[in-house]
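J.: Below is one structure. I have some questions about it.
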Amino acid sequence: MRSASEIWARLRGRIARLRRPPLPGMHWGPYRQSLDDVDWVGATEAIHLAPDDPVLGLVLDGRSWALPWSQVSAPHIANLTLGAEPVLVTLCPACSHAAAFRPVVDGQRLRFRVAGIHNGAMIMADRSQGSLWLPGTGTAVTGPFEGRELEHLPLYQCRWREWHTLCPDTRVLSPTAAPVRVEQTRPVAGEHRRYPRVSRTLLRADARLASETLTLGVTAGASHLAIPLSLIHRHGGMLHLDVDGTTLVAFSPPGTWLAVAYDTAVDGRSLRFDPDSFRMVDRQTGSHWDFTGRAVSGSLTGTQLRLLASRLEEWQTLAARHPGIVLASEASATENAGQHGEGAHAGGR
């Protein structure tokens, strides 16, 4: 049974929806129950997962969690408390996009639900005020919170066998926490799918890439960059690029969906990296860095690279959300190599 405060919060959200105009091209959707403060099991108890099943992985304060696509793809949103920290996780299976945020504004924890579809992807609303938020950037675009932005948290997409190898002590969303959608328990990121109702909400199309191409979207300063996952893989899993005054390294081991971008600046110098399976090695000191951007051996042990807001997503929605987005290419990678003396080198897994 819902409490009076929950009922009142839901009613306020519905009133706010009636008072505000929808975004251009937005389709309102039915209210969906999100995953709220769910139960977890140990990795050995995750009998509902097959090795190739896609999962969303989080690492916070040295602890790790995994959320199967098969359980998050229907509610799309998970309002979680991991340790003592509130965390918002979003997943839009229509565009292979997932993200994580710290859902706190002015000291107030916000909880979210799906509000509908906009620009080729789901859009969410906070339950307290009914503002609409973009799940790709964590930015409020209407309502009392308009213009506010949630803090981005690192989230990784990969297969269960990869995540279990990287984080053997991970906790996993309990099979009783949400129904397992059997049709989704297979690799689905970037899978060519047709959702006519979703596609009709796209405000613009960009023909530079096929619509379902998996890209790593990166925000650096005021610039937005799209890096095709295949381009990173062709360079052995690592690419160095200059964007808006920031030298970044995009990291994605070949054959995986795990993709993330970090600022290479450490102690006033820009490091250069080579890939080493699911790790990186910097050329200046030979220190090894794990996939979370933390140095785990060498003279820089304990140093943490600054995470850039980056997320895996299909090209059609990333380009629609950021008109004129810069598209990384072989030419930009070659140019970057010339500027820095050495390009992104291939490395074995």
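Within each chain, counting starts at residue 1; across the structure tokens, chains are named A, B, ... in the order shown, with ligands numbered 1 upward in that order.
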Taking the DSSP assignment computed from this structure's backbone, write out as a ChimeraX atom specification all residues of stretch 30-66 of chain A that belong to strand (DSSP E).
T.: /A:35-36,40-42,54-60,63-66
J.: Counting only C-alpha atoms, which residues in stretch 228-311 of chain A sit no more than 10 Å from stretch 113-136 of chain A? For each one, give the nearest pair of atoms and the distance in Å, sorted by chain then residue number, as a Markdown table.
T.:
| residue | atom | partner | partner_atom | distance |
| --- | --- | --- | --- | --- |
| A:Ala309 | CA | A:Gly136 | CA | 9.8 |
| A:Ser310 | CA | A:Gly136 | CA | 9.4 |
| A:Arg311 | CA | A:Gly136 | CA | 8.0 |
J.: Let's have the selection written as a PDB file, in the first residue's frame, with all heavy atoms.
T.:
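out-v8.pdb was written with the following content:
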ATOM      1  N   ALA A 309      31.987  12.383 -19.219  1.00  0.00           N
ATOM      2  CA  ALA A 309      30.623  11.908 -19.434  1.00  0.00           C
ATOM      3  C   ALA A 309      30.595  11.158 -20.760  1.00  0.00           C
ATOM      4  O   ALA A 309      30.718  11.754 -21.831  1.00  0.00           O
ATOM      5  CB  ALA A 309      29.653  13.087 -19.459  1.00  0.00           C
ATOM      6  N   SER A 310      30.487   9.853 -20.697  1.00  0.00           N
ATOM      7  CA  SER A 310      30.548   9.028 -21.906  1.00  0.00           C
ATOM      8  C   SER A 310      29.576   7.866 -21.766  1.00  0.00           C
ATOM      9  O   SER A 310      29.376   7.344 -20.668  1.00  0.00           O
ATOM     10  CB  SER A 310      31.971   8.512 -22.132  1.00  0.00           C
ATOM     11  OG  SER A 310      32.500   7.903 -20.970  1.00  0.00           O
ATOM     12  N   ARG A 311      28.976   7.477 -22.869  1.00  0.00           N
ATOM     13  CA  ARG A 311      27.972   6.416 -22.823  1.00  0.00           C
ATOM     14  C   ARG A 311      27.850   5.763 -24.195  1.00  0.00           C
ATOM     15  O   ARG A 311      28.010   6.405 -25.230  1.00  0.00           O
ATOM     16  CB  ARG A 311      26.611   6.953 -22.391  1.00  0.00           C
ATOM     17  CG  ARG A 311      26.050   8.053 -23.282  1.00  0.00           C
ATOM     18  CD  ARG A 311      26.461   9.431 -22.814  1.00  0.00           C
ATOM     19  NE  ARG A 311      26.152  10.479 -23.780  1.00  0.00           N
ATOM     20  CZ  ARG A 311      26.746  11.686 -23.759  1.00  0.00           C
ATOM     21  NH1 ARG A 311      27.656  11.958 -22.849  1.00  0.00           N
ATOM     22  NH2 ARG A 311      26.435  12.596 -24.642  1.00  0.00           N
TER      23      ARG A 311
END
J.: What are the closest atom pairs, with distances in Å to one decimal, for each residue of stretch 88-132 of chain A lying within 10 Å of stretch 146-169 of chain A, using only C-alpha atoms, rows by chain and rising residue number, as CSV?
T.:
residue,atom,partner,partner_atom,distance
A:Leu88,CA,A:Leu153,CA,9.1
A:Val89,CA,A:Leu155,CA,8.5
A:Ser96,CA,A:Gln157,CA,9.5
A:His97,CA,A:Gln157,CA,9.2
A:Ala98,CA,A:Leu155,CA,7.7
A:Ala99,CA,A:Leu155,CA,6.1
A:Ala100,CA,A:Leu153,CA,5.1
A:Phe101,CA,A:His152,CA,4.6
A:Arg102,CA,A:Glu151,CA,5.3
A:Pro103,CA,A:Leu150,CA,6.0
A:Val104,CA,A:Leu150,CA,7.0
A:Val105,CA,A:Leu150,CA,7.3
A:Asp106,CA,A:Arg148,CA,10.0
A:Ser131,CA,A:Glu146,CA,7.0
A:Leu132,CA,A:Glu146,CA,8.0
J.: With DSSP run on the backbone, what are the alpha helix (DSSP H) residues within stretch 238-331 of chain A? I'd like them as a list in words.
T.: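 Going through stretch 238-331 of chain A, the alpha helix (DSSP H) residues come out as Trp315, Gln316, Thr317, Leu318, Ala319, Ala320, Arg321, Glu330 and Ala331 of chain A.
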J.: Just to be explicit: take each residue in the selection above, keep all heavy atoms, and write the result as a PDB file, in the first residue's frame.
T.:
ATOM      1  N   TRP A 315      23.803   5.468 -33.051  1.00  0.00           N
ATOM      2  CA  TRP A 315      24.057   6.750 -33.707  1.00  0.00           C
ATOM      3  C   TRP A 315      22.797   7.590 -33.875  1.00  0.00           C
ATOM      4  O   TRP A 315      22.813   8.807 -33.657  1.00  0.00           O
ATOM      5  CB  TRP A 315      24.714   6.503 -35.062  1.00  0.00           C
ATOM      6  CG  TRP A 315      24.776   7.688 -35.960  1.00  0.00           C
ATOM      7  CD1 TRP A 315      24.093   7.880 -37.120  1.00  0.00           C
ATOM      8  CD2 TRP A 315      25.588   8.865 -35.784  1.00  0.00           C
ATOM      9  NE1 TRP A 315      24.417   9.100 -37.683  1.00  0.00           N
ATOM     10  CE2 TRP A 315      25.331   9.723 -36.878  1.00  0.00           C
ATOM     11  CE3 TRP A 315      26.493   9.268 -34.806  1.00  0.00           C
ATOM     12  CZ2 TRP A 315      25.959  10.952 -37.017  1.00  0.00           C
ATOM     13  CZ3 TRP A 315      27.115  10.513 -34.949  1.00  0.00           C
ATOM     14  CH2 TRP A 315      26.855  11.331 -36.040  1.00  0.00           C
ATOM     15  N   GLN A 316      21.670   6.979 -34.233  1.00  0.00           N
ATOM     16  CA  GLN A 316      20.494   7.767 -34.600  1.00  0.00           C
ATOM     17  C   GLN A 316      20.040   8.693 -33.477  1.00  0.00           C
ATOM     18  O   GLN A 316      19.709   9.860 -33.719  1.00  0.00           O
ATOM     19  CB  GLN A 316      19.348   6.844 -35.009  1.00  0.00           C
ATOM     20  CG  GLN A 316      18.922   5.861 -33.932  1.00  0.00           C
ATOM     21  CD  GLN A 316      17.799   4.947 -34.387  1.00  0.00           C
ATOM     22  OE1 GLN A 316      17.242   5.135 -35.465  1.00  0.00           O
ATOM     23  NE2 GLN A 316      17.462   3.957 -33.567  1.00  0.00           N
ATOM     24  N   THR A 317      20.027   8.210 -32.240  1.00  0.00           N
ATOM     25  CA  THR A 317      19.541   9.052 -31.148  1.00  0.00           C
ATOM     26  C   THR A 317      20.618  10.002 -30.633  1.00  0.00           C
ATOM     27  O   THR A 317      20.324  11.123 -30.229  1.00  0.00           O
ATOM     28  CB  THR A 317      19.017   8.193 -29.988  1.00  0.00           C
ATOM     29  OG1 THR A 317      19.998   7.210 -29.645  1.00  0.00           O
ATOM     30  CG2 THR A 317      17.724   7.492 -30.387  1.00  0.00           C
ATOM     31  N   LEU A 318      21.878   9.561 -30.664  1.00  0.00           N
ATOM     32  CA  LEU A 318      22.958  10.452 -30.243  1.00  0.00           C
ATOM     33  C   LEU A 318      23.031  11.667 -31.167  1.00  0.00           C
ATOM     34  O   LEU A 318      23.143  12.808 -30.715  1.00  0.00           O
ATOM     35  CB  LEU A 318      24.288   9.689 -30.246  1.00  0.00           C
ATOM     36  CG  LEU A 318      25.523  10.480 -29.792  1.00  0.00           C
ATOM     37  CD1 LEU A 318      25.386  10.930 -28.354  1.00  0.00           C
ATOM     38  CD2 LEU A 318      26.786   9.635 -29.961  1.00  0.00           C
ATOM     39  N   ALA A 319      22.964  11.430 -32.483  1.00  0.00           N
ATOM     40  CA  ALA A 319      23.034  12.526 -33.449  1.00  0.00           C
ATOM     41  C   ALA A 319      21.793  13.407 -33.392  1.00  0.00           C
ATOM     42  O   ALA A 319      21.883  14.628 -33.580  1.00  0.00           O
ATOM     43  CB  ALA A 319      23.217  11.961 -34.858  1.00  0.00           C
ATOM     44  N   ALA A 320      20.635  12.809 -33.126  1.00  0.00           N
ATOM     45  CA  ALA A 320      19.403  13.597 -33.041  1.00  0.00           C
ATOM     46  C   ALA A 320      19.422  14.522 -31.835  1.00  0.00           C
ATOM     47  O   ALA A 320      18.915  15.649 -31.891  1.00  0.00           O
ATOM     48  CB  ALA A 320      18.202  12.659 -32.972  1.00  0.00           C
ATOM     49  N   ARG A 321      20.010  14.068 -30.737  1.00  0.00           N
ATOM     50  CA  ARG A 321      20.050  14.869 -29.518  1.00  0.00           C
ATOM     51  C   ARG A 321      21.096  15.977 -29.595  1.00  0.00           C
ATOM     52  O   ARG A 321      20.951  17.011 -28.942  1.00  0.00           O
ATOM     53  CB  ARG A 321      20.332  13.962 -28.320  1.00  0.00           C
ATOM     54  CG  ARG A 321      20.129  14.640 -26.984  1.00  0.00           C
ATOM     55  CD  ARG A 321      20.086  13.659 -25.822  1.00  0.00           C
ATOM     56  NE  ARG A 321      21.295  12.852 -25.705  1.00  0.00           N
ATOM     57  CZ  ARG A 321      21.349  11.549 -25.982  1.00  0.00           C
ATOM     58  NH1 ARG A 321      20.275  10.910 -26.395  1.00  0.00           N
ATOM     59  NH2 ARG A 321      22.476  10.880 -25.846  1.00  0.00           N
ATOM     60  N   GLU A 330      38.730   7.802 -39.094  1.00  0.00           N
ATOM     61  CA  GLU A 330      40.113   7.367 -39.297  1.00  0.00           C
ATOM     62  C   GLU A 330      41.013   8.573 -39.524  1.00  0.00           C
ATOM     63  O   GLU A 330      42.147   8.622 -39.055  1.00  0.00           O
ATOM     64  CB  GLU A 330      40.194   6.406 -40.488  1.00  0.00           C
ATOM     65  CG  GLU A 330      39.534   5.072 -40.279  1.00  0.00           C
ATOM     66  CD  GLU A 330      40.315   4.158 -39.357  1.00  0.00           C
ATOM     67  OE1 GLU A 330      41.412   4.564 -38.913  1.00  0.00           O
ATOM     68  OE2 GLU A 330      39.833   3.055 -39.073  1.00  0.00           O
ATOM     69  N   ALA A 331      40.485   9.573 -40.242  1.00  0.00           N
ATOM     70  CA  ALA A 331      41.294  10.764 -40.534  1.00  0.00           C
ATOM     71  C   ALA A 331      41.644  11.502 -39.249  1.00  0.00           C
ATOM     72  O   ALA A 331      42.780  11.934 -39.050  1.00  0.00           O
ATOM     73  CB  ALA A 331      40.539  11.689 -41.486  1.00  0.00           C
TER      74      ALA A 331
END
J.: I'd like to know which of A:His240, A:Arg63, A:His288, A:Arg294 is closest to A:Arg272, using only C-alpha atoms.
T.: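 The closest residue to A:Arg272 is A:His240.
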J.: So, with only C-alpha atoms as the atoms that count, which of A:Asp39, A:Trp65, A:Leu258, A:His322 lies closest to A:Ala205?
T.: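 When distances to A:Ala205 are compared using only C-alpha atoms, the smallest one comes from A:His322.
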J.: Tell me which protein, DNA and RNA residues are within 10 Å of stretch 261-268 of chain A, counting only C-alpha atoms, leaving out same-chain ones fewer than 6 positions away, and put them as a PyMOL selection string.
T.: chain A and resi 154+216-220+238-242+246-252+282+291-293+300+303-311
J.: Produce a file of the selected residues containing C-alpha atoms, as a compact mmCIF listing (two decimals), in the first residue's frame.
T.:
# COMPACT_ATOMS: atom_id res chain seq x y z
CA PRO A 154 30.42 5.60 -14.58
CA LEU A 216 30.66 6.11 -27.70
CA GLY A 217 29.17 9.53 -27.06
CA VAL A 218 31.56 11.80 -25.13
CA THR A 219 31.02 15.24 -23.62
CA ALA A 220 34.20 17.26 -23.12
CA MET A 238 42.24 2.60 -27.59
CA LEU A 239 42.07 5.99 -29.24
CA HIS A 240 43.57 9.36 -28.23
CA LEU A 241 41.74 12.47 -29.39
CA ASP A 242 41.83 16.22 -28.70
CA THR A 246 41.01 18.11 -23.51
CA THR A 247 43.12 15.17 -24.61
CA LEU A 248 41.02 12.08 -23.99
CA VAL A 249 41.54 8.38 -24.29
CA ALA A 250 38.61 6.29 -25.48
CA PHE A 251 38.91 2.72 -24.26
CA SER A 252 36.94 -0.31 -25.51
CA ASP A 282 50.81 4.44 -19.82
CA PHE A 291 38.95 -0.26 -16.86
CA THR A 292 37.68 2.17 -14.18
CA GLY A 293 40.62 4.51 -14.86
CA LEU A 300 51.20 6.03 -10.23
CA THR A 303 45.91 7.67 -9.15
CA GLN A 304 42.44 8.05 -10.69
CA LEU A 305 41.84 9.41 -14.20
CA ARG A 306 38.99 11.90 -14.53
CA LEU A 307 35.95 10.25 -16.06
CA LEU A 308 34.38 12.12 -18.96
CA ALA A 309 30.62 11.91 -19.43
CA SER A 310 30.55 9.03 -21.91
CA ARG A 311 27.97 6.42 -22.82
J.: Quick one: distance from atom CA of A:Ala226 to atom CA of A:Arg204 in Å, one decimal?
T.: 16.3 Å
J.: Atom CA of A:Leu173 and atom CA of A:Leu58, how far apart in Å?
T.: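 Atom-to-atom, atom CA of A:Leu58 to atom CA of A:Leu173, that is 11.8 Å.
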J.: If I take atom CA of A:Val281 and atom CA of A:Gly236, how far is one from the other in Å, to one decimal?
T.: 13.0 Å
J.: Give the answer as one residue: which of A:Ile77, A:Glu314, A:Arg279, A:Ser287 has the shortest atom-to-atom distance to A:Gly302, using only C-alpha atoms?
T.: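 Closest to A:Gly302, using only C-alpha atoms: A:Ser287.
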